[in-house]
Each structure stands twice: as C-alpha cells, then as structure tokens.
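File shown here: input_24.pdb, holding PDB, C-alpha atoms and all ligand atoms.
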ATOM      1  CA  MET T 110     -19.952  -5.724  19.575  1.00  0.00           C
ATOM      2  CA  THR T 111     -17.318  -4.916  22.118  1.00  0.00           C
ATOM      3  CA  THR T 112     -14.185  -6.657  23.180  1.00  0.00           C
ATOM      4  CA  ALA T 113     -14.083  -8.621  26.392  1.00  0.00           C
ATOM      5  CA  ARG T 114     -11.496  -6.266  27.723  1.00  0.00           C
ATOM      6  CA  PRO T 115     -11.689  -3.026  25.791  1.00  0.00           C
ATOM      7  CA  GLY T 116      -8.546  -1.042  25.310  1.00  0.00           C
ATOM      8  CA  HIS T 117      -8.026   2.491  26.411  1.00  0.00           C
ATOM      9  CA  THR T 118      -9.362   3.964  23.216  1.00  0.00           C
ATOM     10  CA  GLU T 119     -12.722   2.333  23.625  1.00  0.00           C
ATOM     11  CA  GLN T 120     -13.076   3.390  27.213  1.00  0.00           C
ATOM     12  CA  ALA T 121     -12.527   6.995  26.331  1.00  0.00           C
ATOM     13  CA  GLY T 122     -14.753   7.239  23.291  1.00  0.00           C
ATOM     14  CA  HIS T 123     -17.832   5.563  24.618  1.00  0.00           C
ATOM     15  CA  THR T 124     -19.018   2.912  26.929  1.00  0.00           C
ATOM     16  CA  GLU T 125     -21.547   0.193  26.347  1.00  0.00           C
ATOM     17  CA  GLN T 126     -22.048  -0.684  29.969  1.00  0.00           C
ATOM     18  CA  ALA T 127     -25.648  -0.164  30.963  1.00  0.00           C
ATOM     19  CA  GLY T 128     -26.273   2.778  33.214  1.00  0.00           C
ATOM     20  CA  HIS T 129     -22.815   4.134  32.766  1.00  0.00           C
ATOM     21  CA  THR T 130     -23.119   6.971  30.344  1.00  0.00           C
ATOM     22  CA  GLU T 131     -22.006   9.992  32.345  1.00  0.00           C
ATOM     23  CA  GLN T 132     -18.443  10.004  31.058  1.00  0.00           C
ATOM     24  CA  ARG T 133     -19.053  10.299  27.350  1.00  0.00           C
ATOM     25  CA  VAL T 134     -16.291  12.757  26.720  1.00  0.00           C
ATOM     26  CA  ARG T 135     -15.369  12.530  23.098  1.00  0.00           C
ATOM     27  CA  THR T 136     -11.666  13.043  22.757  1.00  0.00           C
ATOM     28  CA  ARG T 137     -10.777  11.250  19.567  1.00  0.00           C
ATOM     29  CA  LEU T 138     -10.506  13.234  16.375  1.00  0.00           C
ATOM     30  CA  GLU T 139     -13.212  11.757  14.195  1.00  0.00           C
ATOM     31  CA  PRO T 140     -12.351  11.116  10.561  1.00  0.00           C
ATOM     32  CA  PRO T 141     -14.425  12.938   7.934  1.00  0.00           C
ATOM     33  CA  VAL T 142     -16.430  11.070   5.324  1.00  0.00           C
ATOM     34  CA  GLY T 143     -14.543  11.555   2.066  1.00  0.00           C
ATOM     35  CA  ALA T 144     -15.996  11.774  -1.426  1.00  0.00           C
ATOM     36  CA  GLU T 145     -15.450   8.055  -2.045  1.00  0.00           C
ATOM     37  CA  SER T 146     -15.743   6.613   1.444  1.00  0.00           C
ATOM     38  CA  GLY T 147     -19.503   6.946   2.082  1.00  0.00           C
ATOM     39  CA  PRO T 148     -20.285   3.231   1.600  1.00  0.00           C
ATOM     40  CA  TYR T 149     -17.342   2.302   3.801  1.00  0.00           C
ATOM     41  CA  TRP T 150     -18.591   4.441   6.678  1.00  0.00           C
ATOM     42  CA  ASP T 151     -22.239   3.455   6.245  1.00  0.00           C
ATOM     43  CA  ALA T 152     -21.277  -0.196   6.637  1.00  0.00           C
ATOM     44  CA  THR T 153     -19.380   0.515   9.838  1.00  0.00           C
ATOM     45  CA  ARG T 154     -22.684   1.518  11.433  1.00  0.00           C
ATOM     46  CA  GLU T 155     -23.632  -2.156  11.153  1.00  0.00           C
ATOM     47  CA  GLY T 156     -20.215  -3.405  12.175  1.00  0.00           C
ATOM     48  CA  ARG T 157     -19.302  -4.432   8.644  1.00  0.00           C
ATOM     49  CA  LEU T 158     -15.837  -3.777   7.277  1.00  0.00           C
ATOM     50  CA  LEU T 159     -15.858  -3.069   3.556  1.00  0.00           C
ATOM     51  CA  VAL T 160     -12.923  -3.046   1.198  1.00  0.00           C
ATOM     52  CA  GLN T 161     -13.148  -1.362  -2.163  1.00  0.00           C
ATOM     53  CA  TRP T 162     -12.383  -3.816  -4.935  1.00  0.00           C
ATOM     54  CA  CYS T 163     -11.194  -3.426  -8.522  1.00  0.00           C
ATOM     55  CA  LEU T 164     -13.066  -5.987 -10.602  1.00  0.00           C
ATOM     56  CA  ARG T 165     -10.480  -5.872 -13.355  1.00  0.00           C
ATOM     57  CA  CYS T 166      -7.425  -6.352 -11.147  1.00  0.00           C
ATOM     58  CA  ASP T 167      -9.423  -8.537  -8.739  1.00  0.00           C
ATOM     59  CA  ARG T 168      -7.739  -6.976  -5.767  1.00  0.00           C
ATOM     60  CA  GLY T 169      -8.610  -4.779  -2.831  1.00  0.00           C
ATOM     61  CA  ILE T 170      -7.978  -1.068  -2.521  1.00  0.00           C
ATOM     62  CA  PHE T 171      -7.574   0.884   0.661  1.00  0.00           C
ATOM     63  CA  TYR T 172      -8.311   3.728   1.238  1.00  0.00           C
ATOM     64  CA  PRO T 173     -11.393   4.179  -0.967  1.00  0.00           C
ATOM     65  CA  ARG T 174     -10.927   6.263  -4.082  1.00  0.00           C
ATOM     66  CA  ALA T 175     -12.522   7.067  -7.410  1.00  0.00           C
ATOM     67  CA  PHE T 176     -10.165   5.075  -9.634  1.00  0.00           C
ATOM     68  CA  CYS T 177      -8.169   1.913  -9.161  1.00  0.00           C
ATOM     69  CA  PRO T 178      -4.577   2.932  -8.405  1.00  0.00           C
ATOM     70  CA  TYR T 179      -3.245  -0.212 -10.067  1.00  0.00           C
ATOM     71  CA  CYS T 180      -4.825  -0.157 -13.496  1.00  0.00           C
ATOM     72  CA  THR T 181      -5.891   3.444 -14.023  1.00  0.00           C
ATOM     73  CA  GLY T 182      -3.739   4.949 -16.731  1.00  0.00           C
ATOM     74  CA  VAL T 183      -2.452   1.562 -17.845  1.00  0.00           C
ATOM     75  CA  GLY T 184      -2.673   1.190 -21.598  1.00  0.00           C
ATOM     76  CA  GLY T 185      -4.253   4.594 -21.952  1.00  0.00           C
ATOM     77  CA  ASP T 186      -7.281   3.686 -19.818  1.00  0.00           C
ATOM     78  CA  GLU T 187      -8.165   6.868 -17.954  1.00  0.00           C
ATOM     79  CA  VAL T 188     -10.582   5.457 -15.414  1.00  0.00           C
ATOM     80  CA  GLY T 189      -9.296   1.982 -14.627  1.00  0.00           C
ATOM     81  CA  GLY T 190     -11.433  -1.036 -13.901  1.00  0.00           C
ATOM     82  CA  PRO T 191     -14.918  -1.002 -12.423  1.00  0.00           C
ATOM     83  CA  LEU T 192     -14.952  -0.742  -8.633  1.00  0.00           C
ATOM     84  CA  ALA T 193     -17.151  -2.601  -6.160  1.00  0.00           C
ATOM     85  CA  TRP T 194     -17.294  -3.193  -2.418  1.00  0.00           C
ATOM     86  CA  HIS T 195     -16.400  -6.460  -0.754  1.00  0.00           C
ATOM     87  CA  GLU T 196     -17.122  -7.276   2.853  1.00  0.00           C
ATOM     88  CA  ALA T 197     -13.916  -8.177   4.645  1.00  0.00           C
ATOM     89  CA  SER T 198     -13.623 -11.065   7.068  1.00  0.00           C
ATOM     90  CA  GLY T 199     -12.225  -8.787   9.748  1.00  0.00           C
ATOM     91  CA  ARG T 200      -9.207 -11.028  10.150  1.00  0.00           C
ATOM     92  CA  ALA T 201      -5.823  -9.408   9.789  1.00  0.00           C
ATOM     93  CA  THR T 202      -2.153  -9.731  10.652  1.00  0.00           C
ATOM     94  CA  VAL T 203      -0.076  -7.048  12.292  1.00  0.00           C
ATOM     95  CA  HIS T 204       2.533  -5.760   9.863  1.00  0.00           C
ATOM     96  CA  ALA T 205       4.180  -3.302  12.233  1.00  0.00           C
ATOM     97  CA  ALA T 206       3.336  -1.705  15.542  1.00  0.00           C
ATOM     98  CA  VAL T 207       4.583   1.069  17.771  1.00  0.00           C
ATOM     99  CA  VAL T 208       3.635   2.059  21.299  1.00  0.00           C
ATOM    100  CA  GLU T 209       2.875   5.690  21.983  1.00  0.00           C
ATOM    101  CA  HIS T 210       4.218   6.002  25.500  1.00  0.00           C
ATOM    102  CA  ARG T 211       3.283   9.635  25.922  1.00  0.00           C
ATOM    103  CA  PRO T 212      -0.139  10.025  24.359  1.00  0.00           C
ATOM    104  CA  GLU T 213      -0.539  13.495  25.823  1.00  0.00           C
ATOM    105  CA  ALA T 214       2.513  14.619  23.858  1.00  0.00           C
ATOM    106  CA  ALA T 215       0.903  13.252  20.688  1.00  0.00           C
ATOM    107  CA  GLY T 216      -2.365  15.032  21.449  1.00  0.00           C
ATOM    108  CA  ALA T 217      -4.133  11.707  21.891  1.00  0.00           C
ATOM    109  CA  LEU T 218      -6.514  12.668  24.660  1.00  0.00           C
ATOM    110  CA  PHE T 219      -8.591   9.542  24.082  1.00  0.00           C
ATOM    111  CA  ALA T 220      -5.840   7.479  25.631  1.00  0.00           C
ATOM    112  CA  ASN T 221      -6.254   9.144  29.027  1.00  0.00           C
ATOM    113  CA  GLY T 222      -2.506   9.336  29.431  1.00  0.00           C
ATOM    114  CA  THR T 223      -2.105   5.587  29.058  1.00  0.00           C
ATOM    115  CA  PRO T 224       0.254   4.125  26.437  1.00  0.00           C
ATOM    116  CA  TYR T 225      -1.518   2.756  23.397  1.00  0.00           C
ATOM    117  CA  CYS T 226      -0.596   0.877  20.240  1.00  0.00           C
ATOM    118  CA  VAL T 227      -0.636   2.250  16.708  1.00  0.00           C
ATOM    119  CA  ALA T 228      -0.303  -0.454  14.087  1.00  0.00           C
ATOM    120  CA  LEU T 229      -0.376  -1.241  10.407  1.00  0.00           C
ATOM    121  CA  VAL T 230      -2.419  -4.367   9.821  1.00  0.00           C
ATOM    122  CA  ASP T 231      -2.781  -6.432   6.659  1.00  0.00           C
ATOM    123  CA  LEU T 232      -6.329  -7.609   6.071  1.00  0.00           C
ATOM    124  CA  GLU T 233      -6.886 -11.075   4.648  1.00  0.00           C
ATOM    125  CA  GLU T 234      -8.172  -9.279   1.573  1.00  0.00           C
ATOM    126  CA  GLY T 235      -4.689  -7.931   0.914  1.00  0.00           C
ATOM    127  CA  VAL T 236      -4.982  -4.304   1.959  1.00  0.00           C
ATOM    128  CA  ARG T 237      -3.114  -2.497   4.712  1.00  0.00           C
ATOM    129  CA  MET T 238      -4.780  -0.225   7.248  1.00  0.00           C
ATOM    130  CA  MET T 239      -3.507   1.957  10.059  1.00  0.00           C
ATOM    131  CA  THR T 240      -5.351   1.335  13.301  1.00  0.00           C
ATOM    132  CA  ASN T 241      -5.037   0.830  17.042  1.00  0.00           C
ATOM    133  CA  ILE T 242      -4.666  -2.578  18.642  1.00  0.00           C
ATOM    134  CA  VAL T 243      -6.775  -2.867  21.771  1.00  0.00           C
ATOM    135  CA  GLY T 244      -7.671  -5.612  24.190  1.00  0.00           C
ATOM    136  CA  CYS T 245      -4.118  -6.408  25.186  1.00  0.00           C
ATOM    137  CA  ARG T 246      -1.100  -4.604  26.566  1.00  0.00           C
ATOM    138  CA  PRO T 247       0.282  -2.355  23.835  1.00  0.00           C
ATOM    139  CA  GLU T 248       3.789  -3.695  24.343  1.00  0.00           C
ATOM    140  CA  ASP T 249       2.533  -7.238  23.655  1.00  0.00           C
ATOM    141  CA  VAL T 250       1.594  -6.390  20.062  1.00  0.00           C
ATOM    142  CA  HIS T 251       4.100  -7.754  17.580  1.00  0.00           C
ATOM    143  CA  SER T 252       4.381  -8.124  13.832  1.00  0.00           C
ATOM    144  CA  GLY T 253       2.850 -11.335  12.556  1.00  0.00           C
ATOM    145  CA  MET T 254       0.232 -11.303  15.330  1.00  0.00           C
ATOM    146  CA  ALA T 255      -3.259 -12.419  14.293  1.00  0.00           C
ATOM    147  CA  VAL T 256      -5.892  -9.807  15.064  1.00  0.00           C
ATOM    148  CA  THR T 257      -9.573  -9.336  14.400  1.00  0.00           C
ATOM    149  CA  VAL T 258     -11.644  -6.221  13.898  1.00  0.00           C
ATOM    150  CA  CYS T 259     -13.603  -4.597  16.714  1.00  0.00           C
ATOM    151  CA  TRP T 260     -15.411  -1.297  16.716  1.00  0.00           C
ATOM    152  CA  GLU T 261     -15.302   2.021  18.509  1.00  0.00           C
ATOM    153  CA  ARG T 262     -18.465   4.018  18.096  1.00  0.00           C
ATOM    154  CA  LEU T 263     -18.125   7.610  16.955  1.00  0.00           C
ATOM    155  CA  SER T 264     -20.484  10.415  17.913  1.00  0.00           C
ATOM    156  CA  ASP T 265     -22.593  10.135  14.755  1.00  0.00           C
ATOM    157  CA  GLY T 266     -23.101   6.370  14.814  1.00  0.00           C
ATOM    158  CA  ARG T 267     -20.247   5.521  12.496  1.00  0.00           C
ATOM    159  CA  GLN T 268     -17.677   3.170  13.934  1.00  0.00           C
ATOM    160  CA  LEU T 269     -13.937   3.177  13.832  1.00  0.00           C
ATOM    161  CA  ALA T 270     -12.297  -0.121  12.928  1.00  0.00           C
ATOM    162  CA  LEU T 271      -9.853  -1.145  15.638  1.00  0.00           C
ATOM    163  CA  PHE T 272      -8.286  -4.553  16.076  1.00  0.00           C
ATOM    164  CA  ARG T 273      -7.784  -6.895  18.994  1.00  0.00           C
ATOM    165  CA  PRO T 274      -5.872 -10.154  19.350  1.00  0.00           C
ATOM    166  CA  ALA T 275      -7.635 -12.952  17.488  1.00  0.00           C
ATOM    167  CA  GLU T 276      -8.990 -15.824  19.488  1.00  0.00           C
ATOM    168  CA  GLU T 277      -7.364 -19.116  18.735  1.00  0.00           C
ATOM    169  CA  GLU T 278      -9.324 -21.058  16.154  1.00  0.00           C
ATOM    170  CA  THR T 279      -9.077 -24.806  16.145  1.00  0.00           C
TER     171      THR T 279
HETATM  172 ZN    ZN T 301      -7.591  -2.166 -11.173  1.00  0.00          ZN
END
Translate the structure of the given file into structure tokens.
Ligand SMILES: [Zn+2]
Amino acid sequence: MTTARPGHTEQAGHTEQAGHTEQRVRTRLEPPVGAESGPYWDATREGRLLVQWCLRCDRGIFYPRAFCPYCTGVGGDEVGGPLAWHEASGRATVHAAVVEHRPEAAGALFANGTPYCVALVDLEEGVRMMTNIVGCRPEDVHSGMAVTVCWERLSDGRQLALFRPAEEET
C-alpha cells in the first residue's frame, strides 16, 4: 500500500511505480531487528502494525521488550505480566512534530535535500512512536493532527511505519 502522494522518504527508499526501478538507491539507515522485536518486524512485511501488550496491565508497550515496564518489579514480581501482540488500527494523532529543514546536515540522505517532518505520534492503542509524516507538506503537520499508518519498504522486505494525514471519515 502506498500513499496517493508519497512523501520524500518514500521516493528515496523505493518506488512502486511499474517499470521505474532504476533509482533504487537505499539511503535510509535501516533499523536492526532487536531481541524482542522480531514479531513486530515480521508483521510489517504484511503491512500490519503490531503493538506489544501487557495482559496484566491491559495496556500497550512500545518499543518491544522482554518485560512490561509498568508492572515488572511491582510487588516483588521480577518478570511482570504476560506479554502478547495486538494489531493496531494504524490510526494515530500527532503529539509533536518538527521540520528538518537541512536534511543533509542531519545526514538524512533519503530526503534528497528536501525538508521532511519528524514526529511523535500517539497510536489509538495508547503508545507513542517516533516516525516521519509523509503525504503532505512537512510544515503543515501540527500536533493534534489525525494521521494513519503507511509503509516504506526496506531492502529486506520489512517495512518502516510512517504516517500520513488521515482521510476524513464520516
Ligand atoms: Zn504490565
């Protein structure tokens, strides 16, 4: 799935347009798969956004980890509640956003020298992620803005969760 008007980050990392594969220069630093984040990354291959969930606290956890940060150690419990994975809706709200006006100074080659937006977004499931907002002008991103997940494919088939402005739902 791609956005109607992909942002700069998507253009640089890959392109889904048929017959247009000559400029597949990978310039984004690709995140490693951590000890606890395997299921998260596997799901991104199918365009599914997973949030780790503590079944005792009944709340989401991000980033993935071995023990719930909220109840581990509470009352002498050394491992916290049992953890599971929940599929997120992909809907989120921008908590805060900044525009990187000089991506080359930040080493962000994927932006091709074009300003881009770095944001913290709050998923409906109650966890906060750092991401890029694409599909609109970076300066138009504001806190409180409704966004929805979209994906940028990485070189190994995993996908990076980015967000774009949500379409109005009636
Ligand atoms: Zn917990």
For chain T versus ligand ZN 301 (chain T), which residues have an atom no more than 9 Å away, and what is each residue's nearest atom pair and distance in Å rounded to one decimal, using all atoms listed in the file, chain-then-number order, as a Markdown table?
| residue | atom | partner | partner_atom | distance |
| --- | --- | --- | --- | --- |
| T:Trp162 | CA | T:ZN301 | ZN | 8.0 |
| T:Cys163 | CA | T:ZN301 | ZN | 4.6 |
| T:Leu164 | CA | T:ZN301 | ZN | 6.7 |
| T:Arg165 | CA | T:ZN301 | ZN | 5.2 |
| T:Cys166 | CA | T:ZN301 | ZN | 4.2 |
| T:Asp167 | CA | T:ZN301 | ZN | 7.1 |
| T:Arg168 | CA | T:ZN301 | ZN | 7.2 |
| T:Gly169 | CA | T:ZN301 | ZN | 8.8 |
| T:Ile170 | CA | T:ZN301 | ZN | 8.7 |
| T:Phe176 | CA | T:ZN301 | ZN | 7.8 |
| T:Cys177 | CA | T:ZN301 | ZN | 4.6 |
| T:Pro178 | CA | T:ZN301 | ZN | 6.5 |
| T:Tyr179 | CA | T:ZN301 | ZN | 4.9 |
| T:Cys180 | CA | T:ZN301 | ZN | 4.1 |
| T:Thr181 | CA | T:ZN301 | ZN | 6.5 |
| T:Gly189 | CA | T:ZN301 | ZN | 5.7 |
| T:Gly190 | CA | T:ZN301 | ZN | 4.8 |
| T:Pro191 | CA | T:ZN301 | ZN | 7.5 |
| T:Leu192 | CA | T:ZN301 | ZN | 7.9 |
I need the residue nearest T:Arg174 from this list: T:Thr202, T:Ala144, T:Cys259, T:Leu159. Use all atoms listed in the file for the distance.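 Looking at the shortest contact to T:Arg174, the residue is T:Ala144.
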Apply the PyMOL selection byres (((chain T and resi 219-233) around 6) and not hetatm) to the file shown and report the selected residues as a count of residues only. 30
State, in Å with one decimal place, the distance from atom CA of T:Phe171 to atom CA of T:Ser146.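 These atoms are spaced 10.0 Å apart.
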With 5 Å on each side, where is the centre of the axis-aligned box around all listed atoms of stretch 202-221 of chain T, and how long are its edges in Å to one decimal, as lines of an AutoDock Vina configuration file?
center_x = -2.0
center_y = 2.7
center_z = 19.4
size_x = 23.2
size_y = 34.8
size_z = 29.2
Would you write out, as a list in words, every residue that the PyMOL selection byres (((chain T and resi 148) around 10) and not hetatm) captures in this file?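 After applying the PyMOL selection byres (((chain T and resi 148) around 10) and not hetatm), what remains is Val142, Glu145, Ser146, Gly147, Tyr149, Trp150, Asp151, Ala152, Thr153, Leu159, Val160, Gln161, Pro173 and Trp194 of chain T.
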Atom CA of T:Glu187 and atom CA of T:Tyr172 are how many Å apart?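 Calculated distance between atom CA of T:Glu187 and atom CA of T:Tyr172 is 19.4 Å.
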Work out how far apart atom CA of T:Pro141 and atom CA of T:Gly266 are and give it in Å to one decimal.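 Calculated distance between atom CA of T:Pro141 and atom CA of T:Gly266 is 12.9 Å.
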